[in-house]
Amino acid sequence: MSAGSHRVRAGGRIDRTEPRAFSLDGRRLAGYRGDTLASALLAAGVSVVGRSFKYHRPRGFVTAGVDEPNGLFTLGEGGRAEPNAQGTVVQLTDGLRAASQNAWPSVRFDLGAVNSWIAPVLQAGFYYKTFMGPTRRAWMFYERLIRRAAGLGAARPDPDPDRYDTRYLFTDVLVIGAGPAGLSAALAAGRSGARVLLIEQDGLLGGTLLSDPVTGQTEPWRARLEAELQSLPEVRILRHTTALGAYDGNTVILLTRRDHCAPDPGKGEALQILTSVRARAVIHSTGATERPLVFPDNDRPGVMMASAVRTYLNRYAVACGRHAVVLTNNDSAYTAAFDLAPQIDRVTVVDVRRAIHPALTAKAASLGVEVHAATAVTGVLGRTRVRGVTLTPIDGARSRPAACDLLCVSGGWSPVVHLSSHGGIRPRYQADSAAFVPGSYAPGHFGAGALTGRFSLGEAVQTGWRSGLQAEAECGFERASAGPPAVPEGAAPWDTANHRIEPVWALGGARAGKAFVDFQNDVTIRDLTIAHQEGYESVEHLKRFTTLGMGTDQGKTSNINALAIMAGLRGIELPEAGSTTFRPPFVPARLGALAGRHVGRHFRPVRRSPLHAWHLGHGAQMIEAGPWLRPWYYRWAGETVERAYLEEMRRVRAAVGLSDVSTLGKIDVQGPDAAEFLDRLYVNGFARLPVGKARYGVMLNDAGTILDDGTTTRLAETRYFMTTTTAGAGEVMSWLEFLVQTAWPELRVHVSSVTDEWAGIAVAGPQARAVLERALPGCDVSNEALPHMGCLEIEWDRMPVRLIRLSFSGELAYELYVPADYGTAFWEHLLSSGEPFGIRPYGLEALASLRIEKGHVAGAEVDPRLTLNDLGLGRMARPEKPFIGRELAARPLLDSPERPSLVGLECLESGQRLRGGAILFAASDELKGHGRGYVTSVTWSPTLGKFIALGFYAGGLRHAGEEIVCAFPLYGERVRARITSPVFLDPKGERLHA
Amino acid sequence: MLRIHCPLCGERPYTEFRYGGDAGKHRPVHGAGGIEAWHDHLFLFENAKGPHREFWQHVQGCRQWLIAVRDTATNIVADVALARDARGLDPQGPGGP
Amino acid sequence: MMRYSLPRLVGHALRDRPWPRAWRKATPRSHYDVVIVGGGGHGLATAYYLAANHGIRRVAVLERSYIGSGNVGRNTTLVRSNYMMNGSTQFFEFSLKLWEGLSQALNFNVMLSQRGQIVLGHSPAQMDGLARRGNTMLLNGIEAELLDRGQVQRLLPYLDYSGAARFPIAGGLLQRRAGTVRHDAVAWGYARAADSLGVDILEGCEVSGFLLDAGGVHGVQTSRGRILADRVALAVAGHSSQLAALAGLRLPIESHLLQAFVTEPIKPFVDHVISFGAELFYLSQSDKGGLVFGGHIDGFNSFTQRGQFPKAQGVAQCALALIPGMSRLKLLRHWAGIQDMTPDGGPFICRTPVRNLYFNGGWCYQGFKATPAVGWCLADTIARDEEHPLVRCYGLERFAQGGASLDEYGHGHWTYRH
Amino acid sequence: MLERRSALESSDPPTGGREARPLVIGEVRGFTLLQAAAFVGTVAALERAVRSALGVELPKRMDAPRHANGVCVFKTGPEAFLLVGPDDARPASTAQAGLESSSNPVPLFAEDTRLCKVGPEQVRPAGAQGSWMDALREAVPSAMGSLTPLSHGRTRLFLEGTPAREVLSTGIAMDLHPEVFRRDGCALTGLEETPVLLHRTGSQRYELYVLRTYAGWIWEWLTDAAQPFGYEVVEKTHVSLLAEADGRT
């Protein structure tokens with residue numbers, strides 16, 4: 001057939017003046033603006049568009065919407081290639097490149113179809129019963145083959161050039177679905193002045209009305225409502241927008257796709273926008289989808305849903321065949337037959353019901369449509385295209401073949417209950433319409449239209465209007481004066497609430513041929529029978545055992561048929577079989593859209609020190625430290641971290657260095673009871689700390705293990721300046737607030753985070769004092785005026801400076817805090833003041849190594865699994881003073897002297913190194929099990945000329961002097977080391993007191 | 001998405017808050033209570049399926065610790081108050097932390 | 001039990017013969033030696049090992065809904081034994097060894113896929129932590145390999161090695177024997193094997209109370225009547241507290257939601273199990289083709305089994321931080337399971353203060369991978385009325401005593417941070 | 001005198017997005033920000049003290065500030081307030097807020113008048129006199145409450161233009177509808193994972209007080225969010241707060 005051969009000459013909502021060129025598997029094709037990929041392919045006469053998951057059977061389009069199980073494509077190329085796109089919802093754009101999937105070499109001739117030959121073996125659950133030998137690892141062999149055969153499209157590793165946005169919206173009324181019910185509801189709510197958000201997954205408003213002929217009666221009504229809604233200032237309409245899920249707090253997540261307009265990410269245009277809507281009232285007008293009937297070979301290309309065929313005809317001007325058979329168990333499919341009749345060669349209706357409304361038969365007769373009552377289709381002829389069907393009268397008379405090239409099927413309508421069920425509300429079966437409808441609604445939620453299992457246009461408009469009024473009342477708005485918009489005149493006699501459905505699910509018996517229940521996952525009646533025989537009867541067992549409903553369509557076309565068939569096998573009523581659980585998202589949603597702009601460097605917020613720009617401009621190599629970026633080392637000292645940190649350390653030990661400690665948590669503690677508060681908090685006492693003095697403190701959590709440590713300075717009788725670790729700052733702050741607000745509200749104390757307010761700079765080294773003397777002329781920083789752990793608050797150049805003499809490196813050292821805006825200038829001032837003494841900045845690696853030489857705990861040692869004793873700090877606690885964690889720290893096993901506790905280690909072998917993460921053993925131990933301890937921090941000590949480490953060892957310093965083994969089996973290493981005091985350098989503290 | 005009505009700031013998504021766990025227990029008086037009292041306080045939970053009294057801190061707002069009563073079977077929050085109000089200044093008061 | 005095999009499968013296909021039920025539809029007896037409450041993986045495995053290892057066959061497994069309806073059917077299916085804390089290392093290795101022979105033992109293919117797990121490190125300090133973990137594994141007879149950045153890149157070329165990565169990859173720790181298992185098959189395989197040894201599996205049987213007296217528990221009250229039992233074991237993760245409360249016990253457990261996610265199926269793309277190091281996030285590809293992944297718990301107690309969407313967004317962000325190309329893949333489903341969280345992240349398998357009542361729960365993130373070992377050790381504990389040596393550290397009393405830390409994440413005792 | 005540097009000095013992306021630039025983004029410099037908090041039971045006293053020192057009332061509500069005499073007061077907690085006022089002329093003394101201070105500043109080191117000791121002995125600094133912060137310090141003794149300077153700890157950004165609301169709604173989960181979040185309304189909320197104080201200072205103008213260490217990230221985030229609309233970065237200016245709050249649209 002030539003391209004476009006199925007296009008009807010006139011009509012439809014396509015724009016024939018705007019052609020669109022596209023390709024499928026490299027074949028050039030054309031369609032029009034307003035087409036979907038599916039309608040353009042059908043117009044071009046392409047019948048086979050995919051291969052099924054398991055048997056690789058040729059498949060064509062079945063539906064015209066988001067329920068499509070078969071027509072999946074890979075769109076685009078390279079970084080924009082998207083696998084598994086439903087052709088039925090892809091807007092046709094110029095230059096669109098589509099490729100078929102899951103077939104080799106092509107969808108028309110696919111070698112994978114050999115699976116069909118062994119189909120009886122590949123029955124439900126076959127893999128649970130085999131592939132278990134000959135060896136225990138045999139599955140690894142079979143799995144490779146199975147994985148290759150499974151999957152649909154292919155993923156590519158290229159980064160995605162497109163951009164995705166997220167946003168939050170708030171509204172009074174959210175209307176989900178702009179079919180007749182939704183339009184009516186939005187108007188009712190909108191006229192009252194309420195803020196209404198109307199969303200529609202289609203690009204056009206109208207829902208099923210869009211499948212009516214453009215020249216028909218409903219179009220003026222549809223257009224009038226759309227126009228009025230657009231004129232209301234507080235009504236917002238989002239097209240191409242799907243509600244993915246309903247969540248707690250009346251939150252509905254929406255996805256707006258803009259793939260039809262080829263956005264430019266360079267200009268910040270997003271391909272998709274994810275919106276989180278909080279609505280005071282939600283109206284569900286999500287409509288219903290038509291479901292297939294189950295009969296042998298019901299998956300052949302050319303077997304389509306009747307409503308889809310009608311949509312292709314009236315909306316896209318595509319006749320899906322020239323000779324159609326319409327198979328139905330209800331009235332709704334007659335509309336399709338009547339619309340098709342004038343446009344194609346021949347239409348035959350096959351109705352499984354005995355009694356057919358005379359108006360239908362009369363109309364059929366007038367259009368030349370033959371109607372066979374009480375007849376079923378029990379077989380389909382043709383492999384890649386329907387060539388005929390087998391008709392079998394219900395009463396058992398003989399079957400006969402009938403030629404056709406299109407089989408339109410209607411097994412009834414399934415309300416789209418997904419969203420209304422996301423809140424955990426189970427759907428309920430409504431027998432007269434043979435449909436599951438919402439069991440109830442969450443507070444503030446209302447249903448309207450076909451969702452309620454009432455399918456006529458009149459009821460849609462009425463229920464829509466009613467729910468609109470309910471929603472506006474929920475939001476406290478005055479009822480609008482005008483009534484509901486008049487329903488178009490002359491509704492057809494078959495437009496009844498339940499379409500007079502006779503629930504029939506499967507035709508032609510369970511055993512004849514492949515009668516598909518789930519098209520995409522190739523689940524047949526036979527598979528359901530096997531599941532039943534083996535006892536996998538509950539809905540969830542059935543799904544999991546057969547994979548029914550687990551495809552990309554999530555069983556939209558298959559679930560109810562499967563439930564009904566299983567109920568039949570079990571001999572129970574359909575409602576007893578229960579229903580499946582509906583989980584979000586309603587349609588598959590790109591992960592890119594979920595992630596929004598939190599990708600790449602925006603993945604998580606970055607915290608930057610006030611000195612950040614200076615570091616970047618002066619050769620710092622930065623490193624991530626939690627949310628922070630910190631200087632790891634500076635290039636002045638070397639090009640690699642291994643060289644640079646040693647040089648930086650040497651500079652500190654021999655002369656003076658400065659480093660950025662702004663990342664430390666800083667908390668201002670003020671109030672008449674500040675001293676009492678800190679006394680309760682820290683294991684050691686702070687109440688008697690003199691003003692102008694600093695003290696190292698450790699706090700435990702309630703369980704008596706380490707929470708955090710840091711230095712706290714008393715600035716005044718009623719005011720302290722606390723520092724915390726960089727990593728612990730947030731946790732400590734919340735904890736202090738918890739204590740102040742809930743546990744000890746009687747204390748008059750305030751805690752405020754001032755981490756952002758102050759830049760912190762450490763100046764360390766024998767020349768540190770000389771630098772300060774030059775930097776702060778006139779300020780007495782002598783040992784007498786400012787001894788170790790002393791503090792001065794000064795003002796220099798009309799800028800406040802907190803000068804605390806404390807040392808992390810073991811050298812004579814100071815921490816200086818200045819308001820953050822001054823940080824860089826003051827840092828530069830210190831650098832220039834220190835120039836004669838050779839001052840240089842040092843980074844995190846040197847900072848860490850300097851403190852290891854001095855045995856200060858940090859990072860890996862401040863471990864919340866450990867106790868004060870484990871850190872060798874047990875003597876700090878003042879047990880006569882109550883402090884947080886005191887009671888549980890005394891639990892018997894936490895108190896054991898055999899717990900691993902902090903030790904120093906020095907390497908005894910030249911040419912060997914210690915490594916973090918090594919496991920420690922006594923020299924005589926067999927190297928096995930968990931050992932006696934482990935290494936937490938290692939450095940080469942340029943001062944001592946050897947590798948040294950901090951670690952934890954059972955019994956701790958009782959073993960000082962012993963030679964032990966550091967095992968690092970990951971590298972096949974074992975190194976001898978000696979247990980020493982963790983204070984490697986200047987144990988008497990002469991340097992820092994100098 | 002779960003939403004919590006902060007008595008000071010108004011209704012906000014739970015992402016503005018930090019969860020603080022069970023608030024249905026009495027915190028032993030500071031410095032009093034032995035291992036057993038603290039053990040029970042810290043480690044044993046009613047873990048109600050139904051109304052659950054719990055702490056939340058509005059970290060991206062007023063930084064107040066709140067006590068909310070939320071039904072853990074439905075996530076519906078029935079009531080929220082500042083923790084200090086819900087508890088009163090009396091450490092033995094009803095529902096103290 | 002009719003054995004499953006390829007010849008039999010072909011025979012059935014050719015002759016179109018019906019298969020027998022995988023497990024009987026049993027009716028409750030009035031008395032059992034052991035009643036196990038909870039027909040998930042743990043409960044069914046326990047029943048199987050009671051019968052297989054101890055010859056105790058008058059056993060009933062009571063399941064409120066259908067078997068496997070809890071966490072065994074809704075997890076991310078990872079199995080591994082890279083545990084560092086003493087107490088867990090050997091237990092999980094024992095479990096992995098049982099996994100390695102499970103399909104054959106049960107004659108049910110559970111599809112153990114030992115494709116290897118790589119835990120990524122993003123800083124020197126994190127690499128030290130991974131080294132400690134890997135060394136501990138090797139010293140306990142468990143294989144492990146420490147990978148540098150280049151080695152990770154060769155194995156996982158699709159991760160983000162660009163300058164745009166917010167947390168650059170420093171290296172990783174590989175356990176080659178780790179992998180995935182077909183989760184439903186575990187419940188069904190144990191059920192079928194236990195059933196064939198005489199165990200009664202009672203679905204739709206909800207326990208509403210315990211029959212208690214001074215001597216302890218001697219039965220349960222159920223929706224299908226009173227059932228007497230010499231011993232009763234609880235394996236009802238998610239609702240441990242509710243069941244235990246019926247026996248008058250208060251537990252160190254809170255119920256939290258953990259979400260899991262799956263994309264639509266694609267051709268083979270990810271051949272390993274990957275764990276991000278910057279945040280808790282893990283990912284693998286199912287045999288069907290979907291990428292299966294998960295992250296942290298939602299962060300507050302809940303029984304709703306509905307996850308919070310911001311958590312899904314956070315997890316998607318982790319996915320893209322790791323594999324930028326996943327941006328174009330579509331999320332097919334996300335769901336939430338209720339899990340028992342404990343203050344130290346460790347589980348309980350133990351006797352309880354109520355005589356003849358045994359408890360298994362508190363599994364936090366690790367219940368699925370523990371399934372065979374839980375069954376084995378809990379069965380042993382019930383049969384001998386004394387904790388199996390591998391689970392002695394998993395007692396309820398450990399918080400009172402300050403016992404061995406099981407805290408793999410190093411969070412300390414902050415329940416809500418797990 | 002040392003130069004004050006903005007937290008944004010290393011992140012200054014160019015004006016971007018579409019050709020049309022309906023949005024203006026910038027940083028407000030030159031203001032003083034102080035947290036004042038009372039203890040339970042001393043709020044009334046604090047209120048009197050603030051009123052007498054600055055002539056401004058403390059707001060009762062979290063969602064609307066009070067203004068007077070060039071000072072704008074936000075309520076940030078049950079007894080906590082943020083006061084934003086004009087640049088306090090190099091206030092000395094950040095360190096000293098909340099202390100009971102003597103009224104006579106005594107230079108401590110005679111040879112260098114730039115340097116004063118202000119710590120333990122609570123000596124008044126030399127430089128700053130007559131500023132509004134000092135007035136407040138005089139009025140609030142430590143038993144009444146605490147004062148914590150935060151001028152350097154917050155970066156103040158603004159967005160102005162028709163798309164401002166939509167840009168903010170990409171990261172702030174609050175209803176910013178003009179009838180709900182009214183002019184001169186304010187809220188403590190989150191911008192993605194970071195805390196912010198949002199103040200609507202005009203019909204299409206919003207100010208954000210963000211934590212300084214996150215300011216660079218937020219700046220990048222906001223300008224990125226503004227890209228689809230088009231924006232322009234204005235020179236970082238010293239803008240008087242109340243001129244803005246009082247009326248420019």
# chains A, B, ... in the order shown; residues from 1 in each chain; ligands from 1
call {"tool": "residues_around", "arguments": {"residues": "Ser327 in chain C", "least_positions_apart": "3", "cutoff": "9 Å", "atoms": "only C-alpha atoms", "output": "PyMOL selection string"}}
result
(chain A and resi 159-160+590-595) or (chain C and resi 316+319-320+323-324+330)
call {"tool": "write_last_selection", "arguments": {"atoms": "all heavy atoms", "output": "short mmCIF file (atom, residue, chain, number, x, y, z; two decimals), in the first residue's frame"}}
result
data_model
loop_
_atom_site.label_atom_id
_atom_site.label_comp_id
_atom_site.auth_asym_id
_atom_site.auth_seq_id
_atom_site.Cartn_x
_atom_site.Cartn_y
_atom_site.Cartn_z
N PRO A 159 24.66 11.24 28.22
CA PRO A 159 23.92 12.17 29.07
C PRO A 159 22.79 12.81 28.28
O PRO A 159 22.84 12.90 27.05
CB PRO A 159 24.96 13.22 29.46
CG PRO A 159 26.25 12.81 28.89
CD PRO A 159 26.05 11.63 28.00
N ASP A 160 21.77 13.22 28.99
CA ASP A 160 20.56 13.77 28.37
C ASP A 160 20.75 15.27 28.17
O ASP A 160 20.93 16.00 29.13
CB ASP A 160 19.39 13.49 29.33
CG ASP A 160 18.05 13.83 28.72
OD1 ASP A 160 18.03 14.58 27.73
OD2 ASP A 160 17.04 13.34 29.24
N ARG A 590 9.38 9.90 32.82
CA ARG A 590 10.84 9.97 32.75
C ARG A 590 11.46 10.28 34.11
O ARG A 590 11.00 11.19 34.81
CB ARG A 590 11.24 11.08 31.79
CG ARG A 590 11.17 10.68 30.35
CD ARG A 590 11.97 11.67 29.55
NE ARG A 590 11.81 11.40 28.14
CZ ARG A 590 12.65 11.83 27.22
NH1 ARG A 590 13.68 12.58 27.56
NH2 ARG A 590 12.45 11.56 25.96
N LEU A 591 12.53 9.58 34.40
CA LEU A 591 13.24 9.88 35.63
C LEU A 591 13.79 11.30 35.59
O LEU A 591 13.91 11.96 36.61
CB LEU A 591 14.38 8.88 35.84
CG LEU A 591 13.89 7.47 36.18
CD1 LEU A 591 15.06 6.50 36.17
CD2 LEU A 591 13.22 7.47 37.53
N GLY A 592 14.13 11.75 34.40
CA GLY A 592 14.61 13.13 34.26
C GLY A 592 13.59 14.12 34.80
O GLY A 592 13.95 15.11 35.45
N ALA A 593 12.33 13.85 34.54
CA ALA A 593 11.28 14.76 35.00
C ALA A 593 11.15 14.72 36.51
O ALA A 593 10.90 15.74 37.16
CB ALA A 593 9.95 14.41 34.35
N LEU A 594 11.33 13.54 37.09
CA LEU A 594 11.27 13.45 38.55
C LEU A 594 12.43 14.21 39.19
O LEU A 594 12.28 14.86 40.21
CB LEU A 594 11.32 11.98 39.01
CG LEU A 594 9.98 11.32 39.24
CD1 LEU A 594 9.25 11.12 37.93
CD2 LEU A 594 10.14 9.99 39.95
N ALA A 595 13.59 14.08 38.57
CA ALA A 595 14.79 14.69 39.16
C ALA A 595 14.79 16.20 38.95
O ALA A 595 15.39 16.93 39.72
CB ALA A 595 16.04 14.07 38.55
N ALA C 316 15.21 9.52 42.41
CA ALA C 316 15.48 9.71 40.97
C ALA C 316 16.71 10.59 40.78
O ALA C 316 17.52 10.37 39.87
CB ALA C 316 14.26 10.36 40.30
N ALA C 319 19.67 8.48 41.16
CA ALA C 319 19.84 7.63 39.99
C ALA C 319 20.57 8.39 38.89
O ALA C 319 21.50 7.88 38.26
CB ALA C 319 18.48 7.14 39.50
N LEU C 320 20.17 9.63 38.69
CA LEU C 320 20.78 10.41 37.62
C LEU C 320 22.17 10.91 37.98
O LEU C 320 23.01 11.11 37.09
CB LEU C 320 19.87 11.59 37.25
CG LEU C 320 18.85 11.30 36.16
CD1 LEU C 320 18.07 10.04 36.43
CD2 LEU C 320 17.93 12.47 35.95
N ILE C 323 23.95 7.60 37.09
CA ILE C 323 23.87 7.23 35.67
C ILE C 323 23.07 8.30 34.94
O ILE C 323 21.84 8.23 34.86
CB ILE C 323 23.18 5.86 35.51
CG1 ILE C 323 23.86 4.82 36.38
CG2 ILE C 323 23.18 5.43 34.04
CD1 ILE C 323 23.22 3.44 36.33
N PRO C 324 23.74 9.33 34.42
CA PRO C 324 23.00 10.44 33.81
C PRO C 324 22.08 9.98 32.68
O PRO C 324 21.00 10.55 32.49
CB PRO C 324 24.11 11.35 33.27
CG PRO C 324 25.30 11.03 34.11
CD PRO C 324 25.19 9.57 34.45
N LYS C 330 11.92 5.62 31.80
CA LYS C 330 10.69 6.01 32.47
C LYS C 330 10.41 5.13 33.70
O LYS C 330 10.56 3.91 33.65
CB LYS C 330 9.53 5.92 31.47
CG LYS C 330 9.71 6.93 30.32
CD LYS C 330 8.46 7.12 29.50
CE LYS C 330 8.28 6.13 28.39
NZ LYS C 330 9.22 6.18 27.28
#
call {"tool": "interface_residues", "arguments": {"of": "chain A", "to": "chain D", "cutoff": "6 Å", "atoms": "only C-alpha atoms", "output": "VMD selection string"}}
result
chain A and resid 166 to 168 170 267 to 269 606 to 609 613 691 to 692 715 to 716 756 to 757 793 to 800 819 to 822 825
call {"tool": "residues_around", "arguments": {"residues": "Asn701 in chain A", "least_positions_apart": "3", "cutoff": "12 Å", "atoms": "only C-alpha atoms", "output": "MDAnalysis selection string"}}
result
(chainID A and resid 680:683 698 704:709 731:732 735:736 739 863:868 883:889) or (chainID B and resid 38 42) or (chainID C and resid 411:414)
call {"tool": "write_last_selection", "arguments": {"atoms": "N, CA and C atoms", "output": "tab-separated table (two decimals), in the first residue's frame"}}
result
chain	number	residue	atom	x	y	z
A	680	ARG	N	24.80	20.65	81.46
A	680	ARG	CA	23.97	19.46	81.29
A	680	ARG	C	24.30	18.74	79.99
A	681	LEU	N	24.76	19.52	79.04
A	681	LEU	CA	24.94	19.01	77.69
A	681	LEU	C	26.26	18.25	77.54
A	682	TYR	N	27.34	18.89	77.97
A	682	TYR	CA	28.67	18.31	77.78
A	682	TYR	C	29.00	17.35	78.91
A	683	VAL	N	29.84	16.37	78.61
A	683	VAL	CA	30.25	15.45	79.69
A	683	VAL	C	31.10	16.18	80.70
A	698	VAL	N	32.99	17.35	74.89
A	698	VAL	CA	32.42	16.24	74.14
A	698	VAL	C	30.98	16.07	74.60
A	704	GLY	N	24.31	7.45	75.29
A	704	GLY	CA	25.61	7.41	75.93
A	704	GLY	C	26.77	7.19	74.98
A	705	THR	N	26.54	7.32	73.68
A	705	THR	CA	27.65	7.23	72.74
A	705	THR	C	27.91	8.62	72.15
A	706	ILE	N	29.02	8.70	71.41
A	706	ILE	CA	29.53	10.00	70.97
A	706	ILE	C	28.55	10.71	70.04
A	707	LEU	N	28.24	11.96	70.36
A	707	LEU	CA	27.45	12.76	69.44
A	707	LEU	C	28.34	13.74	68.67
A	708	ASP	N	29.14	14.49	69.40
A	708	ASP	CA	29.97	15.48	68.71
A	708	ASP	C	31.01	16.02	69.68
A	709	ASP	N	31.97	16.73	69.13
A	709	ASP	CA	32.94	17.39	69.99
A	709	ASP	C	33.27	18.77	69.42
A	731	GLU	N	22.95	18.50	63.03
A	731	GLU	CA	22.38	17.57	64.00
A	731	GLU	C	22.45	18.17	65.40
A	732	VAL	N	23.62	18.73	65.75
A	732	VAL	CA	23.80	19.31	67.08
A	732	VAL	C	22.83	20.47	67.29
A	735	TRP	N	19.43	19.29	67.99
A	735	TRP	CA	19.42	18.62	69.29
A	735	TRP	C	19.37	19.66	70.42
A	736	LEU	N	20.17	20.70	70.30
A	736	LEU	CA	20.15	21.74	71.33
A	736	LEU	C	18.76	22.40	71.38
A	739	LEU	N	16.38	20.16	73.18
A	739	LEU	CA	16.54	20.20	74.63
A	739	LEU	C	15.96	21.47	75.22
A	863	ASP	N	32.87	8.70	66.11
A	863	ASP	CA	31.97	7.71	65.55
A	863	ASP	C	30.85	7.48	66.55
A	864	PRO	N	29.62	7.67	66.14
A	864	PRO	CA	28.51	7.55	67.09
A	864	PRO	C	28.32	6.15	67.65
A	865	ARG	N	29.09	5.18	67.13
A	865	ARG	CA	29.03	3.84	67.72
A	865	ARG	C	29.93	3.73	68.94
A	866	LEU	N	30.76	4.76	69.17
A	866	LEU	CA	31.79	4.64	70.19
A	866	LEU	C	31.43	5.41	71.46
A	867	THR	N	32.16	5.07	72.52
A	867	THR	CA	31.92	5.72	73.81
A	867	THR	C	33.08	6.65	74.14
A	868	LEU	N	32.86	7.39	75.17
A	868	LEU	CA	33.91	8.29	75.65
A	868	LEU	C	35.18	7.51	75.99
A	883	PHE	N	24.89	14.61	83.10
A	883	PHE	CA	25.01	15.09	81.72
A	883	PHE	C	24.29	14.12	80.81
A	884	ILE	N	23.94	14.60	79.64
A	884	ILE	CA	23.20	13.76	78.70
A	884	ILE	C	23.97	12.49	78.40
A	885	GLY	N	23.32	11.39	78.49
A	885	GLY	CA	23.94	10.13	78.13
A	885	GLY	C	24.66	9.45	79.28
A	886	ARG	N	24.71	10.11	80.43
A	886	ARG	CA	25.48	9.54	81.55
A	886	ARG	C	24.94	8.17	81.94
A	887	GLU	N	23.63	8.06	82.02
A	887	GLU	CA	23.05	6.82	82.52
A	887	GLU	C	23.32	5.65	81.57
A	888	LEU	N	23.03	5.84	80.29
A	888	LEU	CA	23.16	4.70	79.39
A	888	LEU	C	24.62	4.43	79.00
A	889	ALA	N	25.48	5.41	79.21
A	889	ALA	CA	26.91	5.15	78.98
A	889	ALA	C	27.43	4.13	79.99
B	38	TRP	N	15.93	4.99	81.32
B	38	TRP	CA	16.42	5.57	80.07
B	38	TRP	C	16.31	4.58	78.92
B	42	LEU	N	14.22	5.38	75.62
B	42	LEU	CA	14.92	5.55	74.35
B	42	LEU	C	14.64	4.42	73.37
C	411	HIS	N	25.33	5.39	62.51
C	411	HIS	CA	24.46	6.50	62.86
C	411	HIS	C	24.32	6.70	64.36
C	412	GLY	N	24.74	5.72	65.12
C	412	GLY	CA	24.43	5.78	66.53
C	412	GLY	C	22.97	5.45	66.75
C	413	HIS	N	22.54	5.59	67.97
C	413	HIS	CA	21.17	5.18	68.30
C	413	HIS	C	20.19	6.29	68.03
C	414	TRP	N	19.93	6.57	66.78
C	414	TRP	CA	18.95	7.58	66.42
C	414	TRP	C	18.00	6.93	65.46
call {"tool": "residues_around", "arguments": {"residues": "Asp527 in chain A", "least_positions_apart": "3", "cutoff": "7 Å", "atoms": "only C-alpha atoms", "output": "JSON, numbers by chain"}}
result
{"A": [123, 124, 523, 524, 530, 531, 546]}
call {"tool": "select_by_dssp", "arguments": {"residues": "range 9-236 of chain A", "states": "helix (DSSP H, G or I)", "output": "ChimeraX atom specification"}}
result
/A:37-43,78-80,111-117,126-128,138-149,180-191,207-211,218-231
call {"tool": "select_by_dssp", "arguments": {"residues": "range 72-222 of chain C", "states": "strand (DSSP E)", "output": "count of residues only"}}
result
35
call {"tool": "residues_around", "arguments": {"residues": "Lys49 in chain B", "least_positions_apart": "6", "cutoff": "12 Å", "atoms": "only C-alpha atoms", "output": "VMD selection string"}}
result
(chain B and resid 70 to 75) or (chain C and resid 238 to 243 245 254 to 256 301 to 304 338)
call {"tool": "interface_residues", "arguments": {"of": "chain B", "to": "chain D", "cutoff": "9 Å", "atoms": "only C-alpha atoms", "output": "list in words"}}
result
Leu8, Cys9, Gly10, Glu11, Arg12, Pro13, Thr15, Glu16, Val59, Gln60, Gly61, Cys62, Arg63 and Gln64 of chain B
call {"tool": "write_last_selection", "arguments": {"atoms": "C-alpha atoms", "output": "short mmCIF file (atom, residue, chain, number, x, y, z; two decimals), in the first residue's frame"}}
result
data_model
loop_
_atom_site.label_atom_id
_atom_site.label_comp_id
_atom_site.auth_asym_id
_atom_site.auth_seq_id
_atom_site.Cartn_x
_atom_site.Cartn_y
_atom_site.Cartn_z
CA LEU B 8 3.26 29.48 63.80
CA CYS B 9 4.00 29.31 60.08
CA GLY B 10 0.92 27.63 58.65
CA GLU B 11 0.53 24.52 56.57
CA ARG B 12 3.70 23.31 54.92
CA PRO B 13 4.94 20.14 53.21
CA THR B 15 9.91 18.29 53.63
CA GLU B 16 10.30 21.53 55.59
CA VAL B 59 13.72 23.33 60.43
CA GLN B 60 13.02 25.40 57.34
CA GLY B 61 10.63 27.63 59.22
CA CYS B 62 10.46 28.76 62.82
CA ARG B 63 12.79 25.97 63.98
CA GLN B 64 10.27 25.05 66.67
#
